[in-house]
file start.txt (compact mmCIF, C-alpha atoms)
# COMPACT_ATOMS: atom_id res chain seq x y z
CA MET A 414 0.00 0.00 0.00
CA THR A 415 1.25 3.49 -0.91
CA ILE A 416 0.64 6.49 1.33
CA LEU A 417 1.12 10.01 0.05
CA TYR A 418 2.03 12.64 2.62
CA CYS A 419 1.36 16.06 1.12
CA ALA A 420 2.33 19.46 2.50
CA ARG A 421 2.74 23.13 1.64
CA TRP A 422 6.46 22.45 1.49
CA VAL A 423 8.59 19.33 1.19
CA LEU A 424 12.23 19.82 2.15
CA PRO A 425 14.34 16.90 0.85
CA ILE A 426 17.62 18.49 2.15
CA SER A 427 19.63 16.74 -0.58
CA SER A 428 17.76 18.69 -3.29
CA SER A 429 15.73 21.87 -3.69
CA SER A 430 12.63 22.60 -1.64
CA ILE A 431 9.36 21.57 -3.29
CA GLU A 432 6.33 23.84 -3.00
CA ASP A 433 3.02 21.96 -2.77
CA GLY A 434 5.04 18.78 -2.46
CA ALA A 435 4.50 15.17 -1.46
CA ILE A 436 6.37 12.03 -0.52
CA ALA A 437 5.23 8.52 -1.35
CA ILE A 438 5.77 5.88 1.34
CA GLU A 439 5.66 2.15 0.74
CA GLY A 440 6.24 0.05 3.83
CA ASN A 441 9.30 1.38 5.67
CA LEU A 442 10.81 3.14 2.66
CA ILE A 443 10.45 6.36 0.73
CA ALA A 444 9.25 5.40 -2.76
CA ASP A 445 9.11 8.83 -4.37
CA VAL A 446 9.43 12.57 -3.76
CA GLY A 447 7.96 15.31 -5.90
CA THR A 448 5.12 17.75 -6.36
CA ARG A 449 1.71 16.81 -5.07
CA ALA A 450 0.24 16.92 -8.57
CA SER A 451 2.86 14.60 -10.04
CA LEU A 452 2.66 12.01 -7.25
CA VAL A 453 -1.14 11.99 -7.10
CA GLY A 454 -1.12 11.27 -10.82
CA LYS A 455 1.56 8.61 -10.48
CA TYR A 456 -0.08 6.85 -7.51
CA PRO A 457 -3.85 7.22 -8.12
CA ASP A 458 -4.79 4.51 -5.62
CA ALA A 459 -2.65 5.83 -2.77
CA THR A 460 -4.02 6.89 0.58
CA VAL A 461 -3.48 10.64 0.92
CA ARG A 462 -2.55 12.44 4.16
CA ASN A 463 -2.67 16.23 3.91
CA PHE A 464 -0.71 18.79 5.93
CA PRO A 465 -1.57 21.98 4.03
CA ASP A 466 0.05 24.48 6.43
CA ALA A 467 3.18 22.45 7.21
CA ALA A 468 6.61 21.52 5.98
CA ILE A 469 7.62 17.87 5.64
CA LEU A 470 11.31 17.33 6.31
CA PRO A 471 13.60 14.42 7.17
CA GLY A 472 13.34 13.24 10.75
CA LEU A 473 15.54 15.30 13.03
CA ILE A 474 18.67 13.61 14.39
CA ASN A 475 19.75 14.03 18.01
CA ALA A 476 23.46 13.29 17.81
CA HIS A 477 24.03 13.22 21.58
CA SER A 478 21.55 12.43 24.34
CA HIS A 479 21.31 10.75 27.74
CA LEU A 480 17.71 9.55 27.86
CA GLU A 481 18.15 7.78 31.20
CA LEU A 482 18.82 11.17 32.82
CA THR A 483 15.47 12.69 31.83
CA ALA A 484 14.21 12.45 35.42
CA ARG A 485 16.99 14.86 36.43
CA ARG A 486 15.53 17.75 34.42
CA GLY A 487 15.94 20.79 36.69
CA PHE A 488 17.52 18.62 39.42
CA LEU A 489 21.06 20.00 39.21
CA GLU A 490 20.71 23.74 38.67
CA SER A 491 22.26 24.55 42.06
CA GLU A 492 25.44 22.69 41.09
CA GLU A 493 26.02 24.20 37.64
CA SER A 494 28.86 26.47 38.75
CA ASP A 495 30.78 23.40 39.99
CA PHE A 496 31.06 20.78 37.23
CA MET A 497 32.63 18.19 39.54
CA GLY A 498 29.84 18.69 42.09
CA TRP A 499 27.31 18.49 39.26
CA LEU A 500 28.72 15.15 38.12
CA LYS A 501 28.81 13.75 41.67
CA LYS A 502 25.19 14.65 42.38
CA LEU A 503 24.16 13.19 39.02
CA THR A 504 25.98 9.92 39.73
CA VAL A 505 24.46 9.52 43.19
CA ALA A 506 20.96 10.06 41.84
CA ARG A 507 21.49 7.56 39.04
CA LEU A 508 23.19 4.79 40.99
CA GLU A 509 21.76 5.05 44.49
CA LEU A 510 18.28 6.57 44.23
CA MET A 511 16.80 5.09 41.07
CA THR A 512 15.67 1.52 40.39
CA PRO A 513 16.02 -0.12 36.96
CA ASP A 514 12.34 0.58 36.32
CA ASP A 515 12.86 4.23 37.30
CA ARG A 516 15.66 4.43 34.75
CA TYR A 517 13.47 2.81 32.10
CA VAL A 518 10.63 5.25 32.77
CA SER A 519 13.09 8.15 32.64
CA ALA A 520 14.46 6.97 29.29
CA ALA A 521 11.01 6.26 27.87
CA TRP A 522 9.79 9.72 28.87
CA GLY A 523 12.83 11.21 27.14
CA ALA A 524 12.14 9.16 24.02
CA THR A 525 8.52 10.32 24.12
CA GLU A 526 9.66 13.93 24.28
CA ALA A 527 11.94 13.28 21.30
CA ALA A 528 9.14 11.74 19.24
CA ARG A 529 6.93 14.75 19.95
CA ALA A 530 9.73 17.05 18.75
CA GLY A 531 10.13 15.36 15.35
CA ILE A 532 13.29 13.48 16.34
CA THR A 533 13.45 10.09 14.63
CA ALA A 534 16.97 8.94 15.54
CA LEU A 535 19.26 9.44 18.55
CA ALA A 536 22.81 8.63 19.53
CA ASP A 537 22.28 7.91 23.21
CA ALA A 538 25.03 7.43 25.78
CA SER A 539 23.99 5.37 28.78
CA ASP A 540 25.38 3.56 31.78
CA GLY A 541 22.05 1.73 31.94
CA ALA A 542 21.96 0.85 28.26
CA TYR A 543 19.44 -1.99 28.74
CA GLU A 544 16.74 0.44 29.85
CA SER A 545 17.57 2.93 27.10
CA ILE A 546 17.43 0.30 24.36
CA LYS A 547 14.07 -0.91 25.63
CA ALA A 548 12.75 2.66 25.83
CA LEU A 549 13.76 3.53 22.27
CA SER A 550 12.30 0.28 21.00
CA ASP A 551 9.01 0.76 22.86
CA VAL A 552 8.53 4.30 21.58
CA GLY A 553 9.54 3.22 18.09
CA LEU A 554 12.52 5.47 17.47
CA ARG A 555 15.73 4.69 15.65
CA GLY A 556 18.98 4.90 17.54
CA ILE A 557 22.39 3.79 18.66
CA VAL A 558 22.76 3.22 22.39
CA PHE A 559 26.37 3.51 23.53
CA GLN A 560 27.16 1.47 26.63
CA GLU A 561 29.36 3.68 28.78
CA SER A 562 32.56 2.46 30.40
CA PHE A 563 34.31 4.11 33.35
CA GLY A 564 37.66 3.54 35.01
CA PRO A 565 40.39 6.16 35.57
CA ASP A 566 42.60 3.74 37.53
CA PRO A 567 44.94 1.84 35.15
CA ARG A 568 45.24 -0.96 37.71
CA LEU A 569 41.58 -1.80 37.07
CA ALA A 570 41.58 -1.35 33.30
CA ASP A 571 41.43 -5.05 32.44
CA ASP A 572 38.61 -5.72 34.89
CA ASN A 573 36.59 -2.74 33.68
CA PHE A 574 37.11 -3.77 30.09
CA ALA A 575 35.93 -7.31 30.84
CA LYS A 576 32.75 -5.87 32.38
CA LEU A 577 32.14 -3.82 29.24
CA ILE A 578 32.54 -6.88 26.99
CA ASP A 579 30.04 -8.77 29.12
CA LYS A 580 27.51 -5.94 28.98
CA VAL A 581 27.84 -5.50 25.23
CA GLY A 582 27.37 -9.23 24.69
CA ARG A 583 24.09 -9.16 26.61
CA LEU A 584 22.92 -5.94 24.97
CA ALA A 585 23.52 -7.33 21.49
CA GLU A 586 20.62 -9.70 22.08
CA LEU A 587 18.32 -6.67 22.36
CA GLU A 588 19.26 -5.13 19.02
CA THR A 589 16.50 -4.58 16.47
CA PRO A 590 16.47 -3.28 12.90
CA LEU A 591 16.04 0.19 14.42
CA VAL A 592 18.17 0.15 17.59
CA LYS A 593 21.84 -0.85 17.65
CA VAL A 594 24.56 -1.02 20.31
CA GLY A 595 27.81 0.92 20.53
CA VAL A 596 30.49 1.55 23.15
CA SER A 597 31.45 4.73 24.97
CA PRO A 598 34.60 5.23 27.01
CA HIS A 599 33.00 8.04 28.96
CA ALA A 600 35.64 10.80 28.97
CA PRO A 601 39.41 11.37 29.26
CA TYR A 602 39.07 12.14 32.97
CA THR A 603 37.03 9.00 33.77
CA VAL A 604 38.79 6.39 31.61
CA CYS A 605 42.54 5.69 31.74
CA GLY A 606 44.72 5.47 28.66
CA ARG A 607 45.06 1.69 28.73
CA GLN A 608 41.30 1.24 28.96
CA LEU A 609 40.85 3.60 26.01
CA GLU A 610 43.19 1.43 23.96
CA LEU A 611 41.43 -1.80 24.94
CA ILE A 612 38.02 -0.38 24.06
CA SER A 613 39.25 1.05 20.77
CA GLU A 614 40.77 -2.27 19.70
CA PHE A 615 37.56 -4.07 20.71
CA ALA A 616 35.40 -1.64 18.73
CA LEU A 617 37.55 -2.00 15.62
CA THR A 618 37.55 -5.80 15.84
CA GLU A 619 33.80 -6.05 16.44
CA ASP A 620 32.87 -3.15 14.11
CA LEU A 621 31.13 -1.26 16.91
CA PRO A 622 30.48 2.48 16.81
CA VAL A 623 32.28 4.56 19.45
CA MET A 624 31.12 7.70 21.22
CA MET A 625 33.05 9.76 23.76
CA HIS A 626 32.80 13.09 25.59
CA ALA A 627 35.81 15.15 24.56
CA ALA A 628 37.32 18.61 25.06
CA GLU A 629 34.31 19.69 27.11
CA SER A 630 35.58 21.75 30.05
CA ASP A 631 38.45 23.82 31.41
CA ALA A 632 38.92 21.20 34.16
CA GLU A 633 39.59 18.59 31.48
CA VAL A 634 42.09 20.87 29.73
CA MET A 635 43.95 21.51 33.00
CA LEU A 636 44.10 17.80 33.77
CA LEU A 637 45.57 16.84 30.41
CA ARG A 638 47.82 19.85 29.91
CA GLU A 639 49.08 20.48 33.45
CA GLY A 640 47.87 17.72 35.75
CA GLN A 641 46.06 20.33 37.82
CA GLY A 642 42.49 21.40 38.56
CA THR A 643 39.42 19.78 40.07
CA PHE A 644 39.63 16.55 38.09
CA ALA A 645 43.30 16.10 39.01
CA GLU A 646 42.54 16.74 42.66
CA ALA A 647 39.68 14.21 42.61
CA LEU A 648 42.00 11.54 41.19
CA ARG A 649 44.62 12.26 43.85
CA LYS A 650 42.03 11.91 46.61
CA ARG A 651 41.15 8.47 45.26
CA GLY A 652 44.81 7.43 45.25
CA ILE A 653 44.91 7.19 41.45
CA LYS A 654 48.21 8.12 39.83
CA TRP A 655 47.85 10.42 36.85
CA HIS A 656 50.74 10.91 34.42
CA THR A 657 50.15 14.27 32.77
CA PRO A 658 50.49 13.90 28.98
CA GLY A 659 50.82 17.62 28.30
CA LEU A 660 48.49 17.30 25.32
CA SER A 661 45.16 18.58 24.17
CA THR A 662 42.26 16.16 24.48
CA ILE A 663 42.20 15.45 20.75
CA GLN A 664 45.93 14.65 20.59
CA TYR A 665 45.55 12.51 23.71
CA LEU A 666 42.77 10.50 22.04
CA LYS A 667 44.96 10.10 18.98
CA ARG A 668 47.82 8.78 21.14
CA HIS A 669 45.53 6.18 22.72
CA CYS A 670 44.01 4.97 19.43
CA VAL A 671 40.50 6.34 19.95
CA LEU A 672 40.60 8.33 16.73
CA GLN A 673 41.28 5.15 14.76
CA THR A 674 37.66 4.19 15.43
CA LYS A 675 36.35 7.36 13.72
CA PRO A 676 34.45 8.14 16.93
CA LEU A 677 31.50 10.40 17.55
CA LEU A 678 32.89 13.04 19.91
CA ALA A 679 30.49 15.10 21.98
CA HIS A 680 31.22 18.80 22.66
CA CYS A 681 34.75 19.51 21.28
CA ILE A 682 34.79 23.01 22.77
CA SER A 683 38.48 23.31 23.66
CA VAL A 684 40.04 22.59 20.28
CA ASP A 685 42.56 24.58 18.24
CA ASN A 686 43.28 24.53 14.51
CA ALA A 687 45.70 21.62 14.84
CA ASP A 688 43.05 19.63 16.70
CA ILE A 689 40.44 20.39 14.06
CA GLU A 690 42.80 19.22 11.33
CA THR A 691 43.50 16.03 13.30
CA LEU A 692 39.76 15.42 13.59
CA ARG A 693 39.31 15.96 9.86
CA GLU A 694 42.17 13.64 8.95
CA SER A 695 40.96 10.88 11.26
CA GLY A 696 37.36 10.94 10.04
CA ALA A 697 36.05 11.61 13.56
CA ARG A 698 32.53 12.99 13.84
CA ILE A 699 31.24 15.68 16.20
CA ALA A 700 28.03 16.07 18.20
CA HIS A 701 27.66 19.81 18.72
CA CYS A 702 25.68 20.59 21.90
CA PRO A 703 25.57 24.39 22.09
CA LYS A 704 22.80 24.82 24.69
CA SER A 705 24.32 22.36 27.16
CA ASN A 706 27.77 23.86 26.60
CA ALA A 707 26.43 27.31 27.39
CA LYS A 708 24.22 26.31 30.32
CA LEU A 709 27.14 24.64 32.13
CA GLY A 710 29.39 27.61 31.35
CA HIS A 711 31.84 25.54 29.32
CA GLY A 712 32.08 27.86 26.34
CA ARG A 713 31.35 27.74 22.63
CA ALA A 714 32.58 25.12 20.17
CA PRO A 715 33.78 26.39 16.76
CA PHE A 716 30.76 25.07 14.85
CA SER A 717 31.44 27.09 11.68
CA ASN A 718 35.05 25.94 11.56
CA PHE A 719 33.97 22.32 11.82
CA LEU A 720 31.67 22.79 8.84
CA ASN A 721 34.28 24.74 6.88
CA ARG A 722 36.73 21.86 7.28
CA GLY A 723 34.22 19.27 6.08
CA ILE A 724 33.89 17.44 9.40
CA ALA A 725 30.65 15.53 9.91
CA VAL A 726 28.72 17.50 12.54
CA GLY A 727 25.32 16.81 14.04
CA LEU A 728 23.39 18.61 16.74
CA GLY A 729 22.85 17.12 20.18
CA SER A 730 20.65 18.06 23.09
CA ASP A 731 22.89 16.32 25.65
CA SER A 732 20.83 15.31 28.68
CA VAL A 733 17.91 17.45 29.80
CA ALA A 734 19.79 17.67 33.11
CA SER A 735 22.11 20.13 31.37
CA ASN A 736 19.75 21.52 28.75
CA ASN A 737 16.18 21.05 30.00
CA THR A 738 14.67 20.28 26.59
CA CYS A 739 15.20 17.67 23.90
CA ASP A 740 14.46 19.90 20.91
CA ILE A 741 16.74 19.85 17.88
CA LEU A 742 14.98 22.71 16.08
CA GLU A 743 15.65 24.87 19.12
CA GLU A 744 19.22 23.54 19.21
CA ALA A 745 19.67 24.47 15.54
CA ARG A 746 18.54 28.04 16.15
CA PHE A 747 20.80 28.41 19.18
CA ALA A 748 23.75 26.93 17.27
CA THR A 749 23.23 29.36 14.40
CA LEU A 750 22.94 32.41 16.63
CA MET A 751 25.98 31.42 18.70
CA ALA A 752 28.04 30.90 15.55
CA ARG A 753 26.94 34.25 14.18
CA SER A 754 27.82 36.00 17.45
CA GLU A 755 31.50 35.12 17.12
CA ILE A 756 33.46 38.33 16.77
CA GLY A 757 35.53 38.33 13.60
CA GLY A 758 33.79 35.26 12.23
CA GLN A 759 34.52 34.45 8.62
CA ARG A 760 30.90 34.34 7.47
CA MET A 761 27.28 34.14 8.56
CA LEU A 762 26.10 30.60 9.15
CA THR A 763 22.87 30.08 7.19
CA ALA A 764 19.57 28.51 8.18
CA THR A 765 20.08 25.97 5.39
CA GLU A 766 23.36 24.84 6.94
CA ALA A 767 21.73 24.58 10.36
CA LEU A 768 18.86 22.46 9.03
CA HIS A 769 21.37 20.25 7.23
CA ALA A 770 23.23 19.70 10.52
CA ALA A 771 19.94 18.79 12.19
CA THR A 772 19.12 16.19 9.53
CA ALA A 773 21.60 14.88 6.95
CA GLY A 774 24.61 16.13 8.93
CA GLY A 775 23.35 14.39 12.03
CA ALA A 776 22.79 11.17 10.10
CA ARG A 777 26.35 11.32 8.80
CA ALA A 778 27.70 12.08 12.27
CA ILE A 779 26.03 9.07 13.92
CA GLY A 780 26.76 6.69 11.06
CA LEU A 781 23.30 6.56 9.43
CA ALA A 782 24.05 8.39 6.17
CA GLY A 783 22.41 6.51 3.33
CA TYR A 784 19.65 5.30 5.64
CA THR A 785 18.03 8.47 6.92
CA GLY A 786 18.51 12.25 7.16
CA GLU A 787 17.18 13.03 3.67
CA LEU A 788 13.95 12.61 1.73
CA ARG A 789 15.04 10.48 -1.18
CA ALA A 790 13.67 7.37 -2.84
CA GLY A 791 15.11 4.21 -1.29
CA LEU A 792 15.90 5.72 2.11
CA GLN A 793 14.09 4.85 5.31
CA ALA A 794 10.73 6.57 5.75
CA ASP A 795 11.85 8.73 8.67
CA PHE A 796 10.29 12.18 8.52
CA ALA A 797 8.39 14.87 10.40
CA ALA A 798 5.73 17.42 9.54
CA VAL A 799 6.11 20.80 11.20
CA SER A 800 3.27 23.31 11.24
CA LEU A 801 4.18 26.74 9.86
CA ALA A 802 0.84 28.33 10.76
CA GLY A 803 1.51 29.56 14.30
CA PRO A 804 1.29 33.24 15.20
CA HIS A 805 5.01 33.12 16.01
CA GLN A 806 5.73 31.90 12.46
CA LEU A 807 3.58 34.11 10.23
CA PRO A 808 4.29 35.57 7.82
CA SER A 809 6.63 32.94 6.41
CA TYR A 810 8.58 33.97 3.34
CA ASP A 811 10.93 31.00 3.36
CA PRO A 812 10.19 27.65 5.05
CA ILE A 813 13.77 26.89 6.08
CA ASN A 814 14.27 30.29 7.71
CA THR A 815 10.92 29.90 9.45
CA LEU A 816 11.90 26.47 10.78
CA ILE A 817 15.26 27.60 12.12
CA PHE A 818 14.50 31.08 13.42
CA ALA A 819 10.82 30.88 14.45
CA SER A 820 9.95 27.24 15.16
CA SER A 821 10.53 24.59 17.80
CA GLY A 822 9.67 20.99 18.51
CA ARG A 823 6.30 22.17 19.82
CA ASP A 824 5.27 22.91 16.23
CA VAL A 825 5.72 19.30 15.12
CA VAL A 826 2.42 17.65 14.15
CA LEU A 827 3.64 14.30 12.84
CA THR A 828 6.67 12.04 13.39
CA VAL A 829 7.18 8.91 11.29
CA VAL A 830 9.93 6.29 11.77
CA ALA A 831 10.40 3.51 9.21
CA GLY A 832 6.93 4.27 7.86
CA ARG A 833 5.23 4.06 11.27
CA GLU A 834 3.46 7.10 12.73
CA VAL A 835 4.86 7.31 16.24
CA PHE A 836 3.45 10.78 16.92
CA ALA A 837 0.20 11.94 15.32
CA ALA A 838 -2.94 13.86 16.23
CA GLY A 839 -1.29 15.28 19.32
CA GLN A 840 -0.21 12.03 20.98
CA VAL A 841 2.53 9.44 20.89
CA THR A 842 0.85 6.37 19.46
CA THR A 843 3.21 3.69 20.74
CA ILE A 844 3.24 4.06 24.51
CA ASP A 845 1.03 5.05 27.43
CA GLU A 846 2.04 8.66 28.04
CA GLU A 847 -0.37 9.10 30.94
CA ARG A 848 1.16 6.19 32.86
CA LEU A 849 4.69 7.44 32.15
CA ALA A 850 3.81 10.94 33.34
CA ALA A 851 2.44 9.55 36.60
CA ARG A 852 5.58 7.49 37.15
CA MET A 853 7.81 10.48 36.40
CA LYS A 854 6.05 12.42 39.15
CA GLU A 855 6.67 9.54 41.57
CA ILE A 856 10.35 9.48 40.65
CA ALA A 857 10.59 13.24 41.17
CA VAL A 858 9.26 12.83 44.72
CA LYS A 859 11.87 10.13 45.36
CA LEU A 860 14.67 12.39 44.09
CA GLY A 861 13.47 15.20 46.32
CA ILE A 862 12.46 17.63 43.61
call {"tool": "encode", "arguments": {"input": "start.txt", "output": "structure tokens"}}
result
Amino acid sequence: MTILYCARWVLPISSSSIEDGAIAIEGNLIADVGTRASLVGKYPDATVRNFPDAAILPGLINAHSHLELTARRGFLESEESDFMGWLKKLTVARLELMTPDDRYVSAAWGATEAARAGITALADASDGAYESIKALSDVGLRGIVFQESFGPDPRLADDNFAKLIDKVGRLAELETPLVKVGVSPHAPYTVCGRQLELISEFALTEDLPVMMHAAESDAEVMLLREGQGTFAEALRKRGIKWHTPGLSTIQYLKRHCVLQTKPLLAHCISVDNADIETLRESGARIAHCPKSNAKLGHGRAPFSNFLNRGIAVGLGSDSVASNNTCDILEEARFATLMARSEIGGQRMLTATEALHAATAGGARAIGLAGYTGELRAGLQADFAAVSLAGPHQLPSYDPINTLIFASSGRDVVLTVVAGREVFAAGQVTTIDEERLAARMKEIAVKLGI
């Protein structure tokens, strides 16, 4: 059966915008893209779904999230001036206060928020990857769930690596056509060099995607460059010896073989031109998280420079503990404005570039190019319809500018993943939102919010 989704605008991303356009869906694939008139004539027996005041675009890609942390939205604001304190409070809440079902509900609520915001695929980093995989699968989203690994003490590297292998083996049994497993050595300050090398070799041998937090904070820079700062002090208090490499984060990851995996690196704020060239040469990808970076006071990543150098860059919300919303349209606007605010910048980042980063760029960054991120025959039927009729959007002279500068996830009216409508008519169709909302309130009471 063919379904035609018709709209005022269709935005394929890989080709020009189509006014009064349509896409033809057959099963889980895009069969055709064109004008409404041409596709109605070509598929006379198709079921027609009309969105006359909307734009249809590829499903948005969230290149970096932590769905299991959704219950910590607004929980850590008092700690934001102290990143180490922020991390400690986050860890206690996750490990000591929440049950596995709490973590599942938290992840499912985050996935529900994503579906409502037109997000069809996520690269999710999780210590509780089992719950995150189940949540994505239940809501019906596409994604890669990266099982995190921790261990700054080199004496424990082999044991920590063995635990990771065991977890990945069990998680592989949960994979579906939509949800896959990856590995994530958490960060340079939480994973020792030997463990980084073991994980990198494992990922290359098993063909597993790798994600890592990198070049995120001044504390990380001080640790790697000088062996000083809050992270260095925390390691000393734990009796862990740290041999200062005197390198930037990116050069440190190159030394310990992480860049050989062509990893997805979240943040990349503290990078210089040499680092950017190293990233380009290695084929590493970047998840740009401008709102989280700003909210935690970490600074601004050189988004325009990444694009200028041809690095694959997607947009990430990070966790709602450090952002408060999972909204890639909002992230795209913030990224564009932050890039434009750079004094002495080479050029003005365009709305078209921002929308590309939110869709096709994100797909390339998380390893799904050729599957999703564009509206093109043969690709997966992952797309969203965004209303352009709100008072905050009219008049609209150009749909892409309206999407980036005047719209948000709240304007999404339809989200489709692999041909399945997961959000339509104002509700997520795949899961009991009312039950999840009630459980989230219970969890909030437990956490003391």
call {"tool": "closest_residue", "arguments": {"input": "start.txt", "among": "A:Ala538, A:Leu417, A:Ile438, A:Leu480", "to": "Ala794 of chain A", "atoms": "only C-alpha atoms"}}
result
A:Ile438
call {"tool": "closest_atom_pairs", "arguments": {"input": "start.txt", "of": "segment 762-819 of chain A", "to": "segment 686-704 of chain A", "cutoff": "10 Å", "atoms": "all atoms listed in the file", "output": "Markdown table"}}
result
| residue | atom | partner | partner_atom | distance |
| --- | --- | --- | --- | --- |
| A:Ala770 | CA | A:His701 | CA | 9.3 |
| A:Gly774 | CA | A:Arg698 | CA | 9.8 |
| A:Gly775 | CA | A:Ala700 | CA | 7.9 |
| A:Arg777 | CA | A:Arg698 | CA | 8.1 |
| A:Ala778 | CA | A:Arg698 | CA | 5.2 |
| A:Ile779 | CA | A:Arg698 | CA | 7.6 |
| A:Gly780 | CA | A:Arg698 | CA | 9.0 |
call {"tool": "closest_residue", "arguments": {"input": "start.txt", "among": "A:Asp685, A:Asp515, A:Glu588, A:Asp566", "to": "Leu648 of chain A", "atoms": "only C-alpha atoms"}}
result
A:Asp566
call {"tool": "axis_aligned_box", "arguments": {"input": "start.txt", "around": "segment 760-763 of chain A", "padding_each_side": "5 Å", "output": "JSON"}}
result
{"center_x": 26.9, "center_y": 32.2, "center_z": 8.2, "size_x": 18.0, "size_y": 14.3, "size_z": 12.0}
call {"tool": "atom_distance", "arguments": {"input": "start.txt", "atom1": "atom CA of Met853 of chain A", "atom2": "atom CA of Gly523 of chain A"}}
result
10.6 Å
call {"tool": "atom_distance", "arguments": {"input": "start.txt", "atom1": "atom CA of Gly783 of chain A", "atom2": "atom CA of Ser427 of chain A"}}
result
11.3 Å
call {"tool": "closest_residue", "arguments": {"input": "start.txt", "among": "A:Ser478, A:Leu742, A:Glu586, A:Ala484", "to": "Met625 of chain A", "atoms": "all atoms listed in the file"}}
result
A:Ser478
call {"tool": "residues_around", "arguments": {"input": "start.txt", "residues": "segment 431-435 of chain A", "least_positions_apart": "2", "cutoff": "7 Å", "atoms": "all atoms listed in the file", "output": "number ranges by chain"}}
result
A: 417-424, 429, 437, 446-449, 452
call {"tool": "residues_around", "arguments": {"input": "start.txt", "residues": "Met751 of chain A", "least_positions_apart": "4", "cutoff": "9 Å", "atoms": "all atoms listed in the file", "output": "PyMOL selection string"}}
result
chain A and resi 703+713+716+746-747+755
call {"tool": "closest_residue", "arguments": {"input": "start.txt", "among": "A:Asp811, A:Glu834, A:Glu646, A:Glu633", "to": "Ala764 of chain A", "atoms": "all atoms listed in the file"}}
result
A:Asp811
call {"tool": "residues_around", "arguments": {"input": "start.txt", "residues": "Glu743 of chain A", "least_positions_apart": "5", "cutoff": "12 Å", "atoms": "only C-alpha atoms", "output": "number ranges by chain"}}
result
A: 473, 475, 530-532, 702-704, 728-730, 736-738, 748-750, 767-768, 771, 815-824
call {"tool": "closest_residue", "arguments": {"input": "start.txt", "among": "A:Asn573, A:Ser735, A:Thr589, A:Thr662", "to": "Tyr602 of chain A", "atoms": "only C-alpha atoms"}}
result
A:Thr662
call {"tool": "closest_residue", "arguments": {"input": "start.txt", "among": "A:Glu526, A:Leu609, A:Ile578, A:Leu584", "to": "Ile546 of chain A", "atoms": "all atoms listed in the file"}}
result
A:Leu584
call {"tool": "atom_distance", "arguments": {"input": "start.txt", "atom1": "atom CA of Gly786 of chain A", "atom2": "atom CA of Gly472 of chain A"}}
result
6.4 Å
call {"tool": "decode", "arguments": {"input": "start.txt", "residues": "segment 718-743 of chain A", "atoms": "C-alpha atoms", "output": "mmCIF file, in the first residue's frame"}}
result
data_model
loop_
_atom_site.group_PDB
_atom_site.id
_atom_site.type_symbol
_atom_site.label_atom_id
_atom_site.label_comp_id
_atom_site.auth_asym_id
_atom_site.auth_seq_id
_atom_site.Cartn_x
_atom_site.Cartn_y
_atom_site.Cartn_z
ATOM 1 C CA ASN A 718 35.052 25.943 11.565
ATOM 2 C CA PHE A 719 33.970 22.316 11.815
ATOM 3 C CA LEU A 720 31.668 22.791 8.845
ATOM 4 C CA ASN A 721 34.276 24.742 6.884
ATOM 5 C CA ARG A 722 36.729 21.862 7.282
ATOM 6 C CA GLY A 723 34.218 19.272 6.078
ATOM 7 C CA ILE A 724 33.895 17.439 9.396
ATOM 8 C CA ALA A 725 30.646 15.534 9.910
ATOM 9 C CA VAL A 726 28.719 17.498 12.539
ATOM 10 C CA GLY A 727 25.323 16.806 14.042
ATOM 11 C CA LEU A 728 23.394 18.613 16.743
ATOM 12 C CA GLY A 729 22.852 17.116 20.181
ATOM 13 C CA SER A 730 20.654 18.056 23.092
ATOM 14 C CA ASP A 731 22.894 16.324 25.652
ATOM 15 C CA SER A 732 20.826 15.313 28.683
ATOM 16 C CA VAL A 733 17.914 17.452 29.803
ATOM 17 C CA ALA A 734 19.786 17.667 33.112
ATOM 18 C CA SER A 735 22.109 20.132 31.370
ATOM 19 C CA ASN A 736 19.749 21.521 28.745
ATOM 20 C CA ASN A 737 16.175 21.052 30.001
ATOM 21 C CA THR A 738 14.671 20.283 26.585
ATOM 22 C CA CYS A 739 15.204 17.668 23.903
ATOM 23 C CA ASP A 740 14.461 19.898 20.907
ATOM 24 C CA ILE A 741 16.737 19.846 17.881
ATOM 25 C CA LEU A 742 14.981 22.714 16.078
ATOM 26 C CA GLU A 743 15.652 24.872 19.120
#
